[in-house]
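Undergrad: Sharing entry39.cif here; it has mmCIF, C-alpha atoms and all ligand atoms.
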data_target
#
loop_
_atom_site.label_atom_id
_atom_site.label_comp_id
_atom_site.auth_asym_id
_atom_site.auth_seq_id
_atom_site.Cartn_x
_atom_site.Cartn_y
_atom_site.Cartn_z
CA MET I 214 -116.33 21.82 10.59
CA SER I 215 -113.92 23.07 13.24
CA THR I 216 -114.26 21.65 16.76
CA GLY I 217 -112.22 24.54 18.13
CA LEU I 218 -109.36 22.22 19.14
CA ALA I 219 -105.87 23.25 18.12
CA THR I 220 -103.62 20.65 16.52
CA SER I 221 -99.84 20.32 16.47
CA HIS I 222 -97.46 20.08 13.53
CA GLY I 223 -93.79 19.23 13.65
CA SER I 224 -90.93 18.93 11.22
CA GLU I 225 -91.72 17.52 7.78
CA HIS I 226 -88.56 15.40 7.85
CA THR I 227 -86.65 13.57 10.57
CA ALA I 228 -83.25 11.93 10.92
CA ILE I 229 -81.07 9.93 13.27
CA LEU I 230 -78.68 12.59 14.62
CA GLY I 231 -76.41 10.27 16.60
CA ILE I 232 -75.90 6.58 17.45
CA GLY I 233 -74.20 5.13 20.52
CA ALA I 234 -73.73 1.73 22.12
CA TYR I 235 -72.40 -0.03 25.19
CA ARG I 236 -70.84 -3.50 25.12
CA PRO I 237 -70.37 -5.34 28.43
CA THR I 238 -66.72 -5.95 29.22
CA ARG I 239 -66.85 -9.74 29.72
CA VAL I 240 -66.23 -11.66 26.50
CA VAL I 241 -67.64 -15.21 26.56
CA PRO I 242 -66.32 -17.59 23.89
CA ASN I 243 -68.37 -20.58 22.72
CA SER I 244 -66.00 -22.88 24.59
CA GLU I 245 -67.34 -21.55 27.93
CA LEU I 246 -70.92 -22.61 27.12
CA VAL I 247 -70.68 -25.89 25.22
CA ASP I 248 -70.29 -28.39 28.09
CA ALA I 249 -73.58 -27.46 29.76
CA ILE I 250 -75.54 -28.00 26.51
CA ASN I 251 -73.61 -30.89 24.94
CA SER I 252 -72.60 -28.73 21.99
CA SER I 253 -69.38 -27.63 20.32
CA ASP I 254 -67.69 -24.46 19.12
CA ALA I 255 -67.81 -25.87 15.56
CA TRP I 256 -71.60 -26.51 15.72
CA ILE I 257 -72.37 -23.04 17.08
CA GLN I 258 -70.16 -21.31 14.51
CA GLN I 259 -71.54 -23.36 11.63
CA ARG I 260 -75.21 -22.93 12.63
CA THR I 261 -75.11 -19.28 13.77
CA GLY I 262 -71.80 -17.62 12.90
CA ILE I 263 -71.39 -16.73 16.59
CA LYS I 264 -67.80 -16.97 17.90
CA GLU I 265 -68.24 -15.10 21.17
CA ARG I 266 -70.68 -12.80 22.93
CA ARG I 267 -70.71 -10.32 25.83
CA PHE I 268 -72.29 -11.09 29.20
CA ALA I 269 -73.04 -8.20 31.56
CA GLY I 270 -71.51 -8.20 35.04
CA PRO I 271 -73.50 -7.26 38.15
CA GLU I 272 -72.72 -3.55 37.77
CA GLU I 273 -73.66 -3.52 34.07
CA SER I 274 -77.39 -3.12 34.67
CA VAL I 275 -80.04 -2.29 32.08
CA GLN I 276 -79.94 1.30 33.36
CA MET I 277 -76.12 1.58 33.43
CA MET I 278 -75.70 0.21 29.89
CA SER I 279 -78.52 2.44 28.58
CA VAL I 280 -77.04 5.58 30.11
CA ALA I 281 -73.59 4.82 28.64
CA ALA I 282 -75.01 4.16 25.14
CA SER I 283 -77.22 7.27 25.33
CA ARG I 284 -74.36 9.57 26.37
CA LYS I 285 -72.35 8.43 23.33
CA ALA I 286 -75.37 8.96 21.05
CA MET I 287 -76.12 12.43 22.48
CA ASP I 288 -72.45 13.45 22.24
CA ARG I 289 -72.31 12.45 18.59
CA ALA I 290 -75.65 14.18 17.92
CA GLY I 291 -74.56 17.36 19.71
CA VAL I 292 -77.79 17.25 21.70
CA GLU I 293 -77.91 17.99 25.44
CA PRO I 294 -79.99 15.85 27.81
CA ALA I 295 -82.31 18.80 28.50
CA GLN I 296 -83.15 18.97 24.78
CA ILE I 297 -84.56 15.42 24.81
CA ASP I 298 -88.37 15.59 24.74
CA CYS I 299 -89.06 11.87 25.07
CA VAL I 300 -87.20 8.71 26.12
CA ILE I 301 -88.35 5.42 24.57
CA VAL I 302 -86.74 2.22 25.86
CA ALA I 303 -87.21 -1.04 23.99
CA THR I 304 -86.45 -4.00 26.23
CA VAL I 305 -87.77 -7.34 27.47
CA SER I 306 -85.25 -7.74 30.27
CA HIS I 307 -86.01 -4.91 32.70
CA MET I 308 -86.87 -7.01 35.73
CA LEU I 309 -89.61 -4.82 37.22
CA GLN I 310 -93.08 -5.16 35.79
CA THR I 311 -93.55 -1.48 36.61
CA PRO I 312 -92.47 1.32 36.51
CA ALA I 313 -90.79 1.70 33.14
CA ILE I 314 -86.97 1.80 33.32
CA ALA I 315 -87.11 4.71 30.82
CA THR I 316 -88.07 7.12 33.63
CA ALA I 317 -85.01 6.19 35.72
CA ILE I 318 -82.74 6.39 32.67
CA GLY I 319 -84.13 9.81 31.74
CA TYR I 320 -83.62 11.01 35.32
CA GLU I 321 -80.00 9.83 35.44
CA LEU I 322 -79.28 11.42 32.05
CA GLY I 323 -80.95 14.70 33.05
CA THR I 324 -83.71 14.76 30.44
CA ASP I 325 -85.59 17.17 32.67
CA LYS I 326 -88.85 15.32 33.33
CA ALA I 327 -89.38 14.44 29.68
CA PRO I 328 -91.98 11.72 29.04
CA ALA I 329 -90.37 8.30 29.23
CA PHE I 330 -91.80 4.86 28.62
CA ASP I 331 -90.83 1.31 27.71
CA ILE I 332 -92.03 -0.67 24.73
CA SER I 333 -92.17 -4.45 24.44
CA ALA I 334 -91.59 -5.59 20.88
CA ALA I 335 -88.68 -7.92 21.65
CA CYS I 336 -85.98 -8.00 18.95
CA ALA I 337 -87.99 -5.60 16.79
CA GLY I 338 -88.25 -3.03 19.62
CA PHE I 339 -85.55 -0.61 18.50
CA CYS I 340 -87.01 -0.27 14.98
CA HIS I 341 -90.47 0.19 16.54
CA GLY I 342 -88.99 2.97 18.70
CA VAL I 343 -87.40 4.70 15.71
CA ALA I 344 -90.76 4.62 13.89
CA LEU I 345 -92.64 6.01 16.90
CA GLY I 346 -90.04 8.68 17.64
CA SER I 347 -89.89 9.83 14.04
CA ASP I 348 -93.68 10.12 13.83
CA MET I 349 -93.77 12.05 17.12
CA ILE I 350 -91.31 14.59 15.72
CA ARG I 351 -93.31 14.90 12.50
CA ALA I 352 -96.53 15.35 14.47
CA GLY I 353 -95.04 17.98 16.76
CA SER I 354 -95.25 15.97 20.01
CA ALA I 355 -91.46 16.13 20.44
CA LYS I 356 -88.43 17.71 18.81
CA HIS I 357 -85.70 15.32 19.98
CA VAL I 358 -86.41 11.71 20.93
CA LEU I 359 -83.95 9.31 22.55
CA VAL I 360 -84.57 5.70 21.49
CA ILE I 361 -82.76 2.97 23.43
CA GLY I 362 -82.60 -0.77 22.74
CA VAL I 363 -81.18 -2.61 25.75
CA GLU I 364 -81.09 -6.16 27.05
CA ARG I 365 -79.58 -8.27 29.81
CA LEU I 366 -80.88 -11.47 28.26
CA THR I 367 -78.57 -13.51 30.47
CA ASP I 368 -80.95 -12.76 33.36
CA ILE I 369 -83.74 -14.62 31.54
CA THR I 370 -81.76 -17.26 29.65
CA SER I 371 -80.97 -20.72 30.99
CA LEU I 372 -77.38 -21.70 30.28
CA ASN I 373 -78.65 -25.30 30.30
CA ASP I 374 -81.13 -24.71 27.49
CA ARG I 375 -79.71 -26.22 24.31
CA GLY I 376 -81.93 -24.05 22.12
CA THR I 377 -80.98 -20.62 23.47
CA ALA I 378 -77.90 -20.63 25.74
CA PHE I 379 -75.43 -20.05 22.89
CA ILE I 380 -77.50 -17.33 21.16
CA PHE I 381 -78.57 -14.68 23.64
CA ALA I 382 -76.36 -11.94 25.10
CA ASP I 383 -76.31 -8.47 26.65
CA GLY I 384 -75.74 -4.88 25.56
CA ALA I 385 -77.30 -1.50 24.76
CA GLY I 386 -77.65 0.80 21.78
CA ALA I 387 -79.20 4.24 21.48
CA ALA I 388 -80.18 6.79 18.85
CA VAL I 389 -81.07 10.46 19.07
CA LEU I 390 -83.77 11.40 16.57
CA GLY I 391 -84.52 14.98 15.55
CA PRO I 392 -85.88 17.26 12.84
CA SER I 393 -84.09 17.41 9.50
CA ASP I 394 -84.11 19.50 6.29
CA GLU I 395 -84.37 16.36 4.17
CA PRO I 396 -85.75 12.84 4.71
CA GLY I 397 -83.43 10.86 7.00
CA ILE I 398 -85.88 8.23 8.27
CA GLY I 399 -88.09 6.52 5.71
CA PRO I 400 -91.59 5.09 6.22
CA VAL I 401 -91.77 2.09 8.55
CA VAL I 402 -93.01 -1.28 7.35
CA TRP I 403 -94.06 -3.21 10.44
CA GLY I 404 -96.40 -5.89 11.62
CA SER I 405 -97.00 -8.89 13.81
CA ASP I 406 -98.14 -12.50 13.52
CA GLY I 407 -99.78 -13.43 16.81
CA GLU I 408 -100.64 -16.88 15.46
CA GLN I 409 -96.95 -17.61 16.18
CA PHE I 410 -97.05 -16.06 19.67
CA ASP I 411 -95.55 -19.18 21.27
CA LEU I 412 -92.43 -19.51 19.09
CA ILE I 413 -90.27 -17.33 21.36
CA ARG I 414 -91.58 -16.63 24.83
CA GLN I 415 -91.03 -16.51 28.56
CA LYS I 416 -91.63 -20.15 29.44
CA GLU I 417 -94.40 -19.72 32.02
CA ASP I 418 -96.64 -16.86 33.01
CA TRP I 419 -95.83 -15.38 36.46
CA ARG I 420 -98.96 -16.84 38.08
CA ASP I 421 -98.00 -20.34 36.95
CA VAL I 422 -94.48 -19.76 38.27
CA LEU I 423 -95.79 -18.75 41.69
CA ALA I 424 -98.09 -21.77 41.81
CA GLN I 425 -95.06 -24.08 41.58
CA GLU I 426 -93.81 -25.79 44.72
CA THR I 427 -90.36 -24.23 44.31
CA PRO I 428 -90.83 -21.21 42.06
CA ALA I 429 -87.90 -20.58 39.73
CA LEU I 430 -87.25 -17.65 37.43
CA PRO I 431 -88.86 -18.47 34.08
CA HIS I 432 -86.46 -18.29 31.16
CA LEU I 433 -86.86 -17.70 27.45
CA VAL I 434 -87.71 -20.67 25.24
CA MET I 435 -87.56 -20.65 21.46
CA GLN I 436 -88.67 -22.98 18.68
CA GLY I 437 -85.55 -21.94 16.82
CA ASN I 438 -86.03 -23.75 13.56
CA SER I 439 -89.57 -22.39 12.99
CA VAL I 440 -88.36 -18.88 13.71
CA PHE I 441 -85.38 -19.47 11.43
CA ARG I 442 -87.60 -20.48 8.50
CA TRP I 443 -90.06 -17.62 9.06
CA ALA I 444 -87.26 -15.04 9.28
CA SER I 445 -85.35 -16.35 6.28
CA PHE I 446 -88.39 -16.35 3.94
CA GLU I 447 -90.71 -13.63 5.19
CA MET I 448 -88.24 -10.93 6.20
CA ALA I 449 -86.69 -10.57 2.74
CA LYS I 450 -90.18 -9.63 1.48
CA ILE I 451 -90.55 -7.06 4.27
CA ALA I 452 -87.12 -5.68 3.37
CA GLN I 453 -88.17 -5.24 -0.25
CA ALA I 454 -91.47 -3.60 0.81
CA THR I 455 -89.46 -1.19 2.97
CA LEU I 456 -87.25 -0.17 0.05
CA ASP I 457 -90.39 0.28 -2.10
CA ARG I 458 -92.02 2.52 0.54
CA ALA I 459 -88.83 4.60 0.72
CA GLY I 460 -88.86 4.92 -3.06
CA ILE I 461 -85.44 3.33 -3.59
CA GLY I 462 -84.05 0.07 -4.99
CA VAL I 463 -81.38 -2.30 -3.64
CA GLU I 464 -78.87 -0.58 -5.94
CA ASP I 465 -79.30 2.62 -3.87
CA LEU I 466 -78.36 0.93 -0.58
CA ASP I 467 -74.92 1.38 0.99
CA VAL I 468 -75.45 -0.49 4.24
CA PHE I 469 -77.67 -3.36 5.42
CA VAL I 470 -78.25 -3.68 9.18
CA PRO I 471 -80.52 -6.65 9.88
CA HIS I 472 -81.30 -7.93 13.36
CA GLN I 473 -78.25 -9.88 14.54
CA ALA I 474 -79.94 -13.22 15.25
CA ASN I 475 -77.99 -15.68 13.15
CA MET I 476 -75.44 -15.20 10.34
CA ARG I 477 -77.30 -17.75 8.18
CA ILE I 478 -80.49 -15.66 8.35
CA ILE I 479 -78.48 -12.54 7.44
CA ASP I 480 -76.96 -14.33 4.43
CA ALA I 481 -80.33 -15.81 3.37
CA MET I 482 -81.92 -12.36 3.41
CA ALA I 483 -79.05 -10.79 1.47
CA ARG I 484 -79.35 -13.55 -1.18
CA SER I 485 -83.16 -13.25 -1.50
CA MET I 486 -82.90 -9.47 -1.78
CA LYS I 487 -80.12 -9.80 -4.40
CA LEU I 488 -78.07 -7.24 -2.51
CA PRO I 489 -75.22 -5.93 -4.69
CA GLN I 490 -71.73 -7.02 -3.54
CA ARG I 491 -70.74 -3.48 -2.62
CA VAL I 492 -73.47 -3.16 0.07
CA ARG I 493 -71.79 -3.43 3.48
CA ILE I 494 -73.61 -5.94 5.72
CA ALA I 495 -73.60 -5.77 9.54
CA ARG I 496 -72.12 -8.95 11.00
CA ASP I 497 -71.86 -7.95 14.64
CA VAL I 498 -73.52 -11.23 15.72
CA ALA I 499 -70.16 -13.03 15.34
CA GLU I 500 -68.71 -11.16 18.33
CA GLN I 501 -71.81 -9.96 20.12
CA GLY I 502 -74.38 -12.76 19.92
CA ASN I 503 -78.09 -11.96 19.73
CA THR I 504 -78.92 -8.97 21.93
CA SER I 505 -82.57 -8.64 20.88
CA ALA I 506 -83.64 -4.97 21.03
CA ALA I 507 -80.02 -3.81 21.27
CA SER I 508 -78.75 -5.66 18.22
CA VAL I 509 -79.50 -3.19 15.41
CA PRO I 510 -78.05 -0.07 17.12
CA LEU I 511 -75.05 -2.08 18.41
CA ALA I 512 -74.35 -3.32 14.88
CA LEU I 513 -74.74 0.14 13.32
CA ASP I 514 -72.53 1.69 16.00
CA ARG I 515 -69.76 -0.81 15.22
CA MET I 516 -70.01 -0.06 11.49
CA ILE I 517 -69.72 3.68 12.17
CA ASP I 518 -66.77 3.17 14.55
CA GLU I 519 -64.97 0.94 12.03
CA GLY I 520 -65.63 3.28 9.07
CA GLU I 521 -67.87 0.74 7.29
CA ALA I 522 -70.87 3.08 7.50
CA LYS I 523 -70.25 6.72 6.67
CA SER I 524 -72.33 9.81 7.31
CA GLY I 525 -74.98 10.13 4.59
CA ASP I 526 -74.92 6.44 3.64
CA ILE I 527 -78.33 4.89 2.95
CA ALA I 528 -78.98 2.03 5.37
CA LEU I 529 -81.79 -0.51 5.64
CA LEU I 530 -82.65 -1.47 9.22
CA ILE I 531 -84.82 -4.53 9.78
CA ALA I 532 -85.59 -6.38 12.99
CA PHE I 533 -87.80 -9.33 13.91
CA GLY I 534 -88.48 -11.64 16.81
CA ALA I 535 -90.89 -12.70 19.55
CA GLY I 536 -94.52 -11.96 18.88
CA LEU I 537 -93.76 -12.58 16.11
CA ALA I 538 -93.16 -8.86 15.58
CA TYR I 539 -91.12 -7.05 12.95
CA ALA I 540 -90.28 -3.51 11.83
CA ALA I 541 -88.02 -2.01 9.16
CA GLN I 542 -87.08 1.39 7.79
CA VAL I 543 -84.51 2.99 5.50
CA VAL I 544 -82.38 5.62 7.27
CA LYS I 545 -79.47 7.91 6.50
CA VAL I 546 -76.41 7.13 8.61
CA PRO I 547 -75.74 10.13 10.87
O1 LIG N 601 -83.83 -13.00 17.97
C1 LIG N 601 -85.12 -13.45 17.80
C2 LIG N 601 -85.23 -14.26 16.58
N1 LIG N 601 -84.50 -15.51 16.76
C3 LIG N 601 -83.94 -16.06 15.72
O2 LIG N 601 -84.01 -15.52 14.64
C4 LIG N 601 -83.30 -17.41 15.91
C5 LIG N 601 -83.64 -18.29 14.75
N2 LIG N 601 -83.19 -19.65 14.90
C6 LIG N 601 -81.91 -20.06 14.82
O3 LIG N 601 -81.02 -19.24 14.77
C7 LIG N 601 -81.64 -21.53 14.69
O4 LIG N 601 -82.86 -22.21 14.57
C8 LIG N 601 -80.81 -22.14 15.85
C9 LIG N 601 -79.38 -21.68 15.75
C10 LIG N 601 -81.42 -21.76 17.18
C11 LIG N 601 -80.81 -23.68 15.73
O5 LIG N 601 -80.27 -24.05 14.47
P1 LIG N 601 -81.05 -25.03 13.50
O6 LIG N 601 -80.23 -25.17 12.29
O7 LIG N 601 -82.44 -24.51 13.33
O8 LIG N 601 -81.01 -26.36 14.35
P2 LIG N 601 -82.19 -27.39 14.67
O9 LIG N 601 -82.93 -26.95 15.87
O10 LIG N 601 -82.97 -27.68 13.44
O11 LIG N 601 -81.36 -28.70 15.06
C12 LIG N 601 -80.52 -29.35 14.09
C13 LIG N 601 -79.69 -30.42 14.77
C14 LIG N 601 -80.52 -31.39 15.59
O12 LIG N 601 -79.87 -32.67 15.49
P3 LIG N 601 -80.39 -33.78 14.47
O13 LIG N 601 -81.82 -34.01 14.85
O14 LIG N 601 -80.23 -33.17 13.10
O15 LIG N 601 -79.47 -34.93 14.72
C15 LIG N 601 -80.38 -30.89 17.00
O16 LIG N 601 -80.52 -31.92 17.96
O17 LIG N 601 -78.77 -29.82 15.70
C16 LIG N 601 -78.98 -30.36 17.01
N3 LIG N 601 -78.80 -29.29 17.99
C17 LIG N 601 -77.63 -29.00 18.55
N4 LIG N 601 -76.41 -29.56 18.44
C18 LIG N 601 -75.41 -29.00 19.15
C19 LIG N 601 -79.74 -28.41 18.44
N5 LIG N 601 -79.18 -27.55 19.30
C20 LIG N 601 -77.88 -27.89 19.39
C21 LIG N 601 -76.79 -27.36 20.11
N6 LIG N 601 -75.58 -27.94 19.95
N7 LIG N 601 -76.93 -26.30 20.93
#
Step by step, read the file and then write its structure as structure tokens.

TA:
Amino acid sequence: MSTGLATSHGSEHTAILGIGAYRPTRVVPNSELVDAINSSDAWIQQRTGIKERRFAGPEESVQMMSVAASRKAMDRAGVEPAQIDCVIVATVSHMLQTPAIATAIGYELGTDKAPAFDISAACAGFCHGVALGSDMIRAGSAKHVLVIGVERLTDITSLNDRGTAFIFADGAGAAVLGPSDEPGIGPVVWGSDGEQFDLIRQKEDWRDVLAQETPALPHLVMQGNSVFRWASFEMAKIAQATLDRAGIGVEDLDVFVPHQANMRIIDAMARSMKLPQRVRIARDVAEQGNTSAASVPLALDRMIDEGEAKSGDIALLIAFGAGLAYAAQVVKVP
């Protein structure tokens, strides 16, 4: 029975129309970090594959890096700021509890008062944003959606913390999503495991911080080995489920872009999935470190720039982290 309410319908199919990224200019080799955590370049490379990372300078704010990455993505997509109907920013390192940084980013870009909001899904945030944006376009709530993954993790990382100092880094990546004649973004497979809420987290809640005699900025803490085991075993299953939902097999993949957390996790996933040799695998973590929500678009952007991912290639994106939260989808490279 009709309630008299109209409903909206959008495009049957969606695609990523353009990808962009911004890498901070300061390169930080392992050698700069090891003394403070009694570590070594050899240990970090062997355990993570990380050789160096980028740390943002004072002028490379969450907003500045996001705007730079978004302009590159919009340029490549051939979409003007005024055509953007929604700005979604995935981040855990915007330092104001409210308002969302997405509104300021949209304003600077000139997205003409489009809705703009932040999402908090940590390292899985960008893939959550792609899923949301794609569904919005299919439902008719937006035609073009700008999805940004951005972090200045150095603001919330202690360089004296042996478990995190050598992993986390800064950067931004962005994607413009829009309608398409054929499927360009496959169904998302996503989820969370709140039983493991404490494995990666801000150390103390703000009220506990303020109750301290000399309040200090709380930093991220991680039970790295538990996360490592969860990611290495569980995420290969999620990857396979994502291929199944997209109706393809590993043999149809051209490119694999997993969250850039640790090269050993990337290799473990590739082995469990039995990825054919010819599938190009993103290995941006070696030079970029772990940039949480920014890592998947940064890695894809590098592959496009270096000719490793070509327009029309079939790519599997998968991201996972604090929460524990994860999300994955198959996409066509723009
Ligand atoms: O982005 C969100 C998702 N995050 C991730 O996916 C991160 C997942 N975790 C990891 O990448 C890894 O767990 C780490 C790289 C963080 C740590 O590597 P691990 O192989 O899990 O090391 P571990 O914590 O099990 O420690 C192994 C050994 C220990 O020594 P013993 O007990 O074997 O003698 C540690 O004391 O390595 C030692 N160790 C270190 N040595 C030098 C731990 N941290 C360090 C360090 N430098 N920084």

Undergrad: Taking (-82.6, 4.6, 31.1) in the coordinates of the supplied file, I want to know which residues reach to within 8 Å of it, counting all atoms listed in the file; could you give the answer as a list in words?

TA: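 Collected hits near the coordinates: Val275, Gln276, Met277, Ser279, Val280, Val300, Val302, Ile314, Ala315, Thr316, Ala317, Ile318, Gly319, Tyr320, Glu321, Leu322 and Ile361 of chain I.
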
Undergrad: Could you dump the residues just selected with C-alpha atoms as a CSV table (one decimal), in the frame of the given file?

TA:
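See out.csv below for the written result:
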chain,number,residue,atom,x,y,z
I,275,VAL,CA,-80.0,-2.3,32.1
I,276,GLN,CA,-79.9,1.3,33.4
I,277,MET,CA,-76.1,1.6,33.4
I,279,SER,CA,-78.5,2.4,28.6
I,280,VAL,CA,-77.0,5.6,30.1
I,300,VAL,CA,-87.2,8.7,26.1
I,302,VAL,CA,-86.7,2.2,25.9
I,314,ILE,CA,-87.0,1.8,33.3
I,315,ALA,CA,-87.1,4.7,30.8
I,316,THR,CA,-88.1,7.1,33.6
I,317,ALA,CA,-85.0,6.2,35.7
I,318,ILE,CA,-82.7,6.4,32.7
I,319,GLY,CA,-84.1,9.8,31.7
I,320,TYR,CA,-83.6,11.0,35.3
I,321,GLU,CA,-80.0,9.8,35.4
I,322,LEU,CA,-79.3,11.4,32.0
I,361,ILE,CA,-82.8,3.0,23.4

Undergrad: Name the residues in contact with segment 245-255 of chain I at a cut-off of 8 Å, using all atoms listed in the file, excluding same-chain residues fewer than 6 positions from it; report them as JSON, numbers by chain.

TA: {"I": [264, 372, 373, 374, 375, 378, 379]}

Undergrad: Contacts of Gly223 of chain I at 7 Å or less, counting all atoms listed in the file, minus same-chain residues fewer than 6 places along, as a PyMOL selection string?

TA: chain I and resi 350-353

Undergrad: Set the distance at 6 Å and use only C-alpha atoms: which residues neighbour segment 467-479 of chain I once local chain neighbours fewer than 5 positions away are removed? I'd like the list as a ChimeraX atom specification.

TA: /I:261-262,445,492-495,498,503,508-509,526-532

Undergrad: What would the file look like if the residues just selected were written as a compact mmCIF listing (two decimals), in the frame of the given file with C-alpha atoms?

TA:
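See part05.txt below for the written result:
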# COMPACT_ATOMS: atom_id res chain seq x y z
CA THR I 261 -75.11 -19.28 13.77
CA GLY I 262 -71.80 -17.62 12.90
CA SER I 445 -85.35 -16.35 6.28
CA VAL I 492 -73.47 -3.16 0.07
CA ARG I 493 -71.79 -3.43 3.48
CA ILE I 494 -73.61 -5.94 5.72
CA ALA I 495 -73.60 -5.77 9.54
CA VAL I 498 -73.52 -11.23 15.72
CA ASN I 503 -78.09 -11.96 19.73
CA SER I 508 -78.75 -5.66 18.22
CA VAL I 509 -79.50 -3.19 15.41
CA ASP I 526 -74.92 6.44 3.64
CA ILE I 527 -78.33 4.89 2.95
CA ALA I 528 -78.98 2.03 5.37
CA LEU I 529 -81.79 -0.51 5.64
CA LEU I 530 -82.65 -1.47 9.22
CA ILE I 531 -84.82 -4.53 9.78
CA ALA I 532 -85.59 -6.38 12.99

Undergrad: Hey, which of I:Leu218, I:Leu230, I:Val401, I:Met435 ends up closest to ligand LIG 601 (chain N)? Count all atoms listed in the file.

TA: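 Of I:Leu218, I:Leu230, I:Val401, I:Met435, the one nearest ligand LIG 601 (chain N), counting all atoms listed in the file, is I:Met435.
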
Undergrad: Pick out the closest residue to Ile369 of chain I from this set: I:Ser347, I:Ser333, I:Ser524, I:Ser306. Count all atoms listed in the file.

TA: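 So, comparing all the options, the nearest one is I:Ser306.
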
Undergrad: Taking all atoms listed in the file into account, which of I:Ala282, I:Val358, I:Ala385, I:Ala429 comes nearest Ala344 of chain I?

TA: I:Val358

Undergrad: Could you give me the axis-aligned bounding box of segment 344-357 of chain I, with 5 Å of padding per side, as centre plus edge lengths in Å to one decimal, as JSON?

TA:
{"center_x": -91.1, "center_y": 11.3, "center_z": 16.5, "size_x": 20.8, "size_y": 23.4, "size_z": 17.9}

Undergrad: Measuring between all atoms listed in the file, which one of I:Val241, I:Ala540, I:Met482, I:Leu466 shows the shortest distance to Ala444 of chain I?

TA: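 Comparing I:Val241, I:Ala540, I:Met482, I:Leu466 against Ala444 of chain I, the winner is I:Met482.
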
Undergrad: Using all atoms listed in the file for the distances, tell me which of I:Glu364, I:Asp298, I:Glu500, I:Glu225 is nearest to ligand LIG 601 (chain N).

TA: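 With all atoms listed in the file as the atom set, the closest residue is I:Glu364.
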
Undergrad: Show me the residues around (-92.0, -5.7, 15.4) - criterion: an atom at most 7 Å away, only C-alpha atoms counted - as a PyMOL selection string.

TA: chain I and resi 334+337-338+341+403-405+532-533+538-540

Undergrad: So that I can see what lies close to Thr227 of chain I, please list as a VMD selection string the residues with an atom at most 8 Å from it, counting only C-alpha atoms and leaving out residues fewer than 4 positions away in the same chain.

TA: chain I and resid 347 350 to 351 390 to 398

Undergrad: Give the answer as one residue: which of I:Ile263, I:Leu513, I:Leu537, I:Cys336 has the shortest atom-to-atom distance to ligand LIG 601 (chain N), using only C-alpha atoms and all ligand atoms?

TA: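 Using only C-alpha atoms and all ligand atoms, ligand LIG 601 (chain N) sits closest to I:Cys336.
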
Undergrad: Atom O10 of ligand LIG 601 (chain N) and atom CA of Gly437 of chain I are how many Å apart?

TA: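 According to the coordinates, atom O10 of ligand LIG 601 (chain N) and atom CA of Gly437 of chain I are separated by 7.1 Å.
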
Undergrad: One decimal, Å: what's the distance from atom C2 of ligand LIG 601 (chain N) over to atom CA of Arg284 of chain I, could you say?

TA: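 For atom C2 of ligand LIG 601 (chain N) relative to atom CA of Arg284 of chain I, the distance reads 28.0 Å.
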
Undergrad: Report, in Å to a single decimal, how far apart atom CA of Lys545 of chain I and atom CA of Glu519 of chain I are.

TA: 17.0 Å

Undergrad: If you count only C-alpha atoms, which residues fall within 6 Å of Ile301 of chain I, apart from same-chain ones fewer than 5 positions away, as a list in words?

TA: Ala329, Phe330, Asp331 and Val360 of chain I
